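First comes the structure, then the notes that go with it.
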Amino acid sequence: MESASSRPLYVGLAGLGTVGSGLVRLLREDRELIEKRVGRDIVLRKVLVRTATRERQAMLPEGCELTTDMTSLTDDPQIDVVVELMGGTGAAHKLISRALAHGKHIVTANKALLAEDSEDLFRLARENNCLLRYEGSVAGCIPIVGTLTDPLAGNHIDSIMGILNGTSNYILSEMTSNGMDFDAALTQAQELGYAEADPTLDVDGFDAAHKLTLLIRLAFGLDYPFASMPVQGIRNMDKRDIAFAREFGYRVKLIAEARLHKDEASGKTRLEAGVFPALVHHSFLLARVGGVYNAVRIESQVSGPIFLHGRGAGALPTASVVLSDLLAVARMDRPNNTGFVTEIEKASIVPPEHWRSRYYVRVMVSDESGVLRDVAGCMADEDISMAQVIQKENEDNVVPLVYMTHETTAQAMSRAMQKVRETGILRADPVFYRIL
Ligand SMILES: NC(=O)c1ccc[n+]([C@@H]2O[C@H](COP(=O)([O-])OP(=O)(O)OC[C@H]3O[C@@H](n4cnc5c(N)ncnc54)[C@H](OP(=O)(O)O)[C@@H]3O)[C@@H](O)[C@H]2O)c1
């Protein structure tokens with residue numbers, strides 16, 4: 001008989017678009033990893049779509065049924081978890097509330113729904129003792145939801161600041177690096193698949209505001225009505241302002257920010273939050289977040305600043321965190337102290353001498369002809385080729401020779417340095433470091 005712990009986790013997936021197809025692929029390709037992480041299979045039982053007849057890339061597992069009937073997911077007693085990857089608010093809200101009413105756990109990446117219309121969904125989840133997980137809804141594969149709910153749960157968060165929309169960040173990066181104007185950068189983003197045909201949610205700041213609304217709940221335990229949030233996008237950004245800001249040492253970024261203010265006189269704490277383009281000094285990490293990447297900076301008095309950076313969207317990056325939510329449901333009631341429920345295997349180790357890397361090498365030699373060639377010869381004997389060589393100024397008849405090598409092994413480097421020592425031309429032991 002199947003025990004509760006060995007029984008597969010049965011999943012109903014709603015939505016087989018970009019992220020849904022990515023999840024189907026990961027469930028197929030990562031079966032072994034899933035078994036090690038949670039000790040049970042995750043089985044896709046049904047997939048809900050709008051148009052059943054559409055041709056699809058996703059390879060559904062054998063026995064998995066494609067349906068257009070929402071209730072066949074929400075009401076199926078065999079299904080343990082409903083994964084909502086349809087997007088939008090109306091149908092998704094209906095699906096999730098009905099599934100919760102039937103006692104199913106929920107995994108979703110739907111920030112618009114969670115930000116605008118989810119109070120009753122969280123209440124229903126609580127009342128029915130169901131998990132409602134949504135790591136994929138904020139900043140793609142950056143694990144910010146889990147970071148706030150778990151490792152940072154013991155902190156009073158003071159502020160949270162981020163670049164939460166990859167499309168806008170791509171456009172601003174192109175305007176900054178290549179001097180493009182907004183329309184040209186937007187068209188390029190659309191051609192590359194980084195922007196929707198209707199880019200409103202992205203470039204007008206609403207997508208970032210949806211995500212900020214979720215982060216405010218997670219960081220401060222406060223409900224900030226989405227409709228009241230000040231939101232300014234980048235649609236009217238003039239490339240001249242980006243160029244002028246650059247002259248002062250700043251980058252223009254679309255920033256989502258929330259910070260607590262304590263009023264000393266009244267003792268009351270108030271929240272300042274919004275989405276707006278801002279000048280960020282080039283030395284700040286946020287200024288260096290380029291292209292479609294996202295980043296979040298969290299600060300609390302106890303932890304100090306914490307910075308997370310990664311891909312903000314895309315089929316597999318997003319599907320990977322949706323899968324991590326599914327794994328969390330699958331191992332809900334079993335200890336997970338190592339990250340794996342199975343015994344940890346001994347690592348098969350690459351010996352340090354076989355590590356491959358480029359190298360920086362400095363040797364101190366007498367200022368005599370042929371020394372540069374002698375050192376290079378010792379390296380060539382070990383098949384180490386040079387990328388660059390610099391001979392520095394003579395200091396008291398001692399010359400520093402600096403080499404940058406192409407990739408080689410630590411073993412070859414040690415042997416080459418030993419050969420250099422044996423030439424007798426060195427005035428000090430050679431110095432060499434890996435180049436990352
Ligand atoms: N794309 C990303 O990189 C990304 C990143 C983070 C979060 N997200 C979030 O993930 C969710 C899914 O995004 P996506 O880009 O994967 O969407 P998508 O490519 O547009 O796919 C949506 C899927 O849902 C189905 N669907 C939509 N409305 C439906 C309805 N009323 N009934 C049944 N099926 C319906 C569609 O069916 P048909 O195929 O039959 O049309 C399609 O398979 C959204 O909430 C989005 O905000 C996406």
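Simple scheme: letters A, B, ... for chains in structure tokens order, numbers from 1 for residues in each chain, numbers from 1 for ligands in the order shown.
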
I'd like a table as a tab-separated table: residues in chain A with an atom no more than 9 Å from ligand 1, each row giving the shortest atom pair and its distance in Å to one decimal, only C-alpha atoms and all ligand atoms counted, sorted by chain and rising residue number.
residue	atom	partner	partner_atom_place_in_ligand_line	distance
A:Ala14	CA	ligand 1	34 (N)	6.1
A:Gly15	CA	ligand 1	24 (O)	3.3
A:Leu16	CA	ligand 1	43 (O)	3.5
A:Gly17	CA	ligand 1	21 (O)	3.2
A:Thr18	CA	ligand 1	16 (O)	3.6
A:Val19	CA	ligand 1	16 (O)	3.8
A:Gly20	CA	ligand 1	16 (O)	5.5
A:Ser21	CA	ligand 1	16 (O)	7.5
A:Gly22	CA	ligand 1	16 (O)	8.4
A:Val47	CA	ligand 1	34 (N)	8.8
A:Leu48	CA	ligand 1	33 (C)	5.5
A:Val49	CA	ligand 1	34 (N)	3.5
A:Arg50	CA	ligand 1	40 (O)	3.6
A:Thr51	CA	ligand 1	40 (O)	3.7
A:Ala52	CA	ligand 1	40 (O)	6.1
A:Thr53	CA	ligand 1	40 (O)	8.0
A:Arg54	CA	ligand 1	40 (O)	6.5
A:Glu55	CA	ligand 1	39 (O)	8.9
A:Arg56	CA	ligand 1	39 (O)	8.0
A:Thr67	CA	ligand 1	33 (C)	8.5
A:Thr68	CA	ligand 1	33 (C)	6.0
A:Asp69	CA	ligand 1	33 (C)	7.8
A:Met70	CA	ligand 1	33 (C)	7.0
A:Glu84	CA	ligand 1	11 (C)	7.4
A:Leu85	CA	ligand 1	12 (C)	4.2
A:Met86	CA	ligand 1	24 (O)	3.3
A:Gly87	CA	ligand 1	45 (O)	3.2
A:Gly88	CA	ligand 1	45 (O)	6.2
A:Thr89	CA	ligand 1	45 (O)	8.6
A:Gly90	CA	ligand 1	31 (N)	8.0
A:Ala91	CA	ligand 1	31 (N)	5.0
A:Ala92	CA	ligand 1	31 (N)	7.0
A:Leu95	CA	ligand 1	32 (N)	8.8
A:Thr108	CA	ligand 1	45 (O)	7.3
A:Ala109	CA	ligand 1	10 (O)	4.6
A:Asn110	CA	ligand 1	45 (O)	3.4
A:Lys111	CA	ligand 1	47 (O)	5.9
A:Ala112	CA	ligand 1	47 (O)	6.7
A:Leu113	CA	ligand 1	45 (O)	7.7
A:Gly136	CA	ligand 1	6 (C)	5.5
A:Ser137	CA	ligand 1	7 (C)	4.9
A:Val138	CA	ligand 1	6 (C)	6.9
A:Ala139	CA	ligand 1	6 (C)	6.9
A:Gly140	CA	ligand 1	6 (C)	5.0
A:Cys141	CA	ligand 1	6 (C)	8.3
A:Tyr194	CA	ligand 1	3 (O)	8.8
A:Asp207	CA	ligand 1	47 (O)	8.5
A:Gly312	CA	ligand 1	5 (C)	6.9
A:Ala313	CA	ligand 1	3 (O)	3.7
A:Gly314	CA	ligand 1	3 (O)	3.6
A:Ala315	CA	ligand 1	3 (O)	5.3
A:Leu316	CA	ligand 1	3 (O)	8.3
A:Pro317	CA	ligand 1	3 (O)	7.9
A:Thr318	CA	ligand 1	5 (C)	5.4
A:Ala319	CA	ligand 1	5 (C)	8.3

Which of segment 180-295 of chain A fall in strand (DSSP E), as a short mmCIF file (atom, residue, chain, number, x, y, z; two decimals) with N, CA and C atoms, in the first residue's frame:
data_model
loop_
_atom_site.label_atom_id
_atom_site.label_comp_id
_atom_site.auth_asym_id
_atom_site.auth_seq_id
_atom_site.Cartn_x
_atom_site.Cartn_y
_atom_site.Cartn_z
N TYR A 250 26.17 59.03 -12.62
CA TYR A 250 24.98 58.29 -12.21
C TYR A 250 24.40 57.50 -13.37
N ARG A 251 23.66 56.42 -13.05
CA ARG A 251 22.88 55.66 -14.03
C ARG A 251 21.41 55.86 -13.69
N VAL A 252 20.57 55.94 -14.73
CA VAL A 252 19.13 56.06 -14.47
C VAL A 252 18.54 54.65 -14.44
N LYS A 253 17.83 54.34 -13.36
CA LYS A 253 17.23 53.02 -13.18
C LYS A 253 15.77 53.17 -12.76
N LEU A 254 14.94 52.20 -13.15
CA LEU A 254 13.56 52.18 -12.64
C LEU A 254 13.60 51.46 -11.29
N ILE A 255 13.37 52.24 -10.24
CA ILE A 255 13.54 51.72 -8.88
C ILE A 255 12.18 51.49 -8.21
N ALA A 256 12.08 50.37 -7.53
CA ALA A 256 10.92 50.11 -6.66
C ALA A 256 11.46 50.17 -5.25
N GLU A 257 10.86 51.01 -4.43
CA GLU A 257 11.44 51.20 -3.10
C GLU A 257 10.37 51.28 -2.02
N ALA A 258 10.65 50.69 -0.88
CA ALA A 258 9.77 50.83 0.28
C ALA A 258 10.65 50.95 1.51
N ARG A 259 10.39 51.97 2.31
CA ARG A 259 11.18 52.12 3.55
C ARG A 259 10.29 52.59 4.69
N LEU A 260 10.65 52.17 5.89
CA LEU A 260 9.88 52.58 7.07
C LEU A 260 10.46 53.86 7.64
N HIS A 261 9.58 54.75 8.07
CA HIS A 261 10.01 55.99 8.74
C HIS A 261 9.41 56.01 10.13
N LYS A 262 10.26 56.18 11.11
CA LYS A 262 9.71 56.28 12.46
C LYS A 262 9.66 57.75 12.84
N THR A 269 5.14 54.63 13.09
CA THR A 269 5.93 54.22 11.94
C THR A 269 5.07 54.34 10.69
N ARG A 270 5.64 54.97 9.67
CA ARG A 270 4.90 55.09 8.41
C ARG A 270 5.75 54.52 7.29
N LEU A 271 5.05 54.18 6.20
CA LEU A 271 5.73 53.51 5.09
C LEU A 271 5.79 54.45 3.89
N GLU A 272 7.00 54.57 3.33
CA GLU A 272 7.18 55.36 2.09
C GLU A 272 7.45 54.34 0.99
N ALA A 273 6.59 54.31 -0.05
CA ALA A 273 6.79 53.28 -1.08
C ALA A 273 6.35 53.77 -2.44
N GLY A 274 7.04 53.32 -3.48
CA GLY A 274 6.64 53.67 -4.83
C GLY A 274 7.61 53.16 -5.87
N VAL A 275 7.24 53.37 -7.12
CA VAL A 275 8.08 52.98 -8.26
C VAL A 275 8.35 54.25 -9.07
N PHE A 276 9.63 54.48 -9.39
CA PHE A 276 10.00 55.73 -10.05
C PHE A 276 11.37 55.59 -10.69
N PRO A 277 11.62 56.32 -11.80
CA PRO A 277 12.99 56.35 -12.32
C PRO A 277 13.84 57.20 -11.38
N ALA A 278 15.09 56.78 -11.16
CA ALA A 278 15.95 57.53 -10.24
C ALA A 278 17.39 57.46 -10.71
N LEU A 279 18.19 58.45 -10.28
CA LEU A 279 19.62 58.42 -10.56
C LEU A 279 20.31 57.61 -9.45
N VAL A 280 21.10 56.62 -9.86
CA VAL A 280 21.80 55.78 -8.90
C VAL A 280 23.29 55.93 -9.16
N HIS A 281 24.06 56.25 -8.13
CA HIS A 281 25.49 56.48 -8.33
C HIS A 281 26.15 55.22 -8.90
N TYR A 293 18.36 41.82 -16.30
CA TYR A 293 18.54 41.33 -14.93
C TYR A 293 17.72 42.14 -13.92
N ASN A 294 17.43 41.51 -12.81
CA ASN A 294 16.75 42.14 -11.68
C ASN A 294 17.67 42.08 -10.46
N ALA A 295 17.39 42.91 -9.48
CA ALA A 295 18.15 42.83 -8.23
C ALA A 295 17.30 43.40 -7.10
#

7 Å contact set for Val38 of chain A, only C-alpha atoms, chain neighbours under 6 positions out, as a short mmCIF file (atom, residue, chain, number, x, y, z; two decimals) with N, CA and C atoms, in the first residue's frame:
data_model
loop_
_atom_site.label_atom_id
_atom_site.label_comp_id
_atom_site.auth_asym_id
_atom_site.auth_seq_id
_atom_site.Cartn_x
_atom_site.Cartn_y
_atom_site.Cartn_z
N LEU A 327 8.35 21.62 -4.70
CA LEU A 327 9.16 20.75 -3.84
C LEU A 327 8.85 21.04 -2.37
N ALA A 330 5.81 19.30 -1.54
CA ALA A 330 6.02 17.84 -1.51
C ALA A 330 6.72 17.38 -0.23
N ARG A 331 7.55 18.23 0.36
CA ARG A 331 8.29 17.76 1.56
C ARG A 331 7.82 18.49 2.82
N PHE A 340 18.24 17.78 1.13
CA PHE A 340 17.88 16.53 0.46
C PHE A 340 17.27 15.60 1.50
N VAL A 341 16.30 14.80 1.10
CA VAL A 341 15.74 13.87 2.08
C VAL A 341 16.48 12.54 2.04
#

Task: For Pro305 of chain A: contacts at 12 Å, only C-alpha atoms, fewer than 6 positions along chain excluded, given as a PyMOL selection string - done: chain A and resi 152+155+157-161+285+296-299

So that I have them on file, write out the residues from the current selection with C-alpha atoms, as a PDB file, in the first residue's frame.
ATOM      1  CA  LEU A 152      15.220  37.011   7.354  1.00  0.00           C
ATOM      2  CA  ASN A 155      14.846  40.689  11.298  1.00  0.00           C
ATOM      3  CA  ILE A 157      13.374  45.075   7.809  1.00  0.00           C
ATOM      4  CA  ASP A 158      14.012  48.815   7.423  1.00  0.00           C
ATOM      5  CA  SER A 159      14.031  49.119   3.651  1.00  0.00           C
ATOM      6  CA  ILE A 160      13.750  47.196   0.466  1.00  0.00           C
ATOM      7  CA  MET A 161      14.845  48.555  -2.866  1.00  0.00           C
ATOM      8  CA  LEU A 285      25.620  47.656  -7.020  1.00  0.00           C
ATOM      9  CA  VAL A 296      16.843  43.430  -4.726  1.00  0.00           C
ATOM     10  CA  ARG A 297      18.576  45.123  -1.812  1.00  0.00           C
ATOM     11  CA  ILE A 298      17.172  44.507   1.648  1.00  0.00           C
ATOM     12  CA  GLU A 299      18.379  46.324   4.734  1.00  0.00           C
TER      13      GLU A 299
END

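Among A:Pro230, A:Gly290, A:Gly267, A:Gly146, the residue with the shortest atom-to-atom distance to Ala209 of chain A, counting only C-alpha atoms, is A:Pro230.
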
Task: 7 Å contact set for Ile435 of chain A, only C-alpha atoms, chain neighbours under 4 positions out, as a VMD selection string - done: chain A and resid 357 to 360

TODO: For segment 407-411 of chain A, please output as a list of chain:residue names all residues within 9 Å (counting only C-alpha atoms; exclusion window: fewer than 6 positions along the same chain).
DONE: A:Pro352, A:Glu353, A:His354, A:Trp355, A:Arg356, A:Ser357, A:Arg358, A:Tyr359, A:Asp383, A:Ile384, A:Ser385, A:Arg434

Open item on the list: Could you go through segment 46-159 of chain A and tell me which residues DSSP, when run on the backbone, assigns to alpha helix (DSSP H), listing them as an MDAnalysis selection string?
Closed with: chainID A and resid 71:74 90:101 111:116 119:127 144:149

Print the selection's residues with C-alpha atoms to a file, as an mmCIF file, in the first residue's frame.
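Dumped everything to result03.cif:
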data_model
loop_
_atom_site.group_PDB
_atom_site.id
_atom_site.type_symbol
_atom_site.label_atom_id
_atom_site.label_comp_id
_atom_site.auth_asym_id
_atom_site.auth_seq_id
_atom_site.Cartn_x
_atom_site.Cartn_y
_atom_site.Cartn_z
ATOM 1 C CA THR A 71 -13.279 22.358 -12.527
ATOM 2 C CA SER A 72 -11.610 19.190 -13.717
ATOM 3 C CA LEU A 73 -8.485 20.512 -11.937
ATOM 4 C CA THR A 74 -10.004 22.237 -8.943
ATOM 5 C CA GLY A 90 -10.459 37.049 -13.291
ATOM 6 C CA ALA A 91 -10.115 33.387 -14.295
ATOM 7 C CA ALA A 92 -7.003 32.889 -12.159
ATOM 8 C CA HIS A 93 -8.818 34.180 -9.074
ATOM 9 C CA LYS A 94 -11.741 31.852 -9.734
ATOM 10 C CA LEU A 95 -9.440 28.877 -10.229
ATOM 11 C CA ILE A 96 -7.381 29.478 -7.092
ATOM 12 C CA SER A 97 -10.313 30.166 -4.792
ATOM 13 C CA ARG A 98 -12.160 27.060 -5.992
ATOM 14 C CA ALA A 99 -9.032 24.916 -5.664
ATOM 15 C CA LEU A 100 -8.420 26.218 -2.117
ATOM 16 C CA ALA A 101 -12.037 25.517 -1.219
ATOM 17 C CA LYS A 111 1.956 38.958 -9.240
ATOM 18 C CA ALA A 112 -0.902 40.969 -10.766
ATOM 19 C CA LEU A 113 -3.513 38.797 -9.047
ATOM 20 C CA LEU A 114 -1.648 38.612 -5.745
ATOM 21 C CA ALA A 115 -1.070 42.377 -5.656
ATOM 22 C CA GLU A 116 -4.532 43.464 -6.737
ATOM 23 C CA GLU A 119 -6.908 39.154 0.371
ATOM 24 C CA ASP A 120 -9.630 36.511 0.259
ATOM 25 C CA LEU A 121 -7.256 33.970 -1.307
ATOM 26 C CA PHE A 122 -4.774 34.236 1.561
ATOM 27 C CA ARG A 123 -7.672 34.017 4.036
ATOM 28 C CA LEU A 124 -9.084 30.929 2.303
ATOM 29 C CA ALA A 125 -5.641 29.321 2.293
ATOM 30 C CA ARG A 126 -5.311 29.951 6.054
ATOM 31 C CA GLU A 127 -8.794 28.652 6.815
ATOM 32 C CA ILE A 144 13.395 36.886 -2.572
ATOM 33 C CA VAL A 145 10.070 35.541 -1.257
ATOM 34 C CA GLY A 146 11.776 32.651 0.541
ATOM 35 C CA THR A 147 14.564 34.930 1.777
ATOM 36 C CA LEU A 148 12.073 37.245 3.451
ATOM 37 C CA THR A 149 9.869 34.489 4.892
#
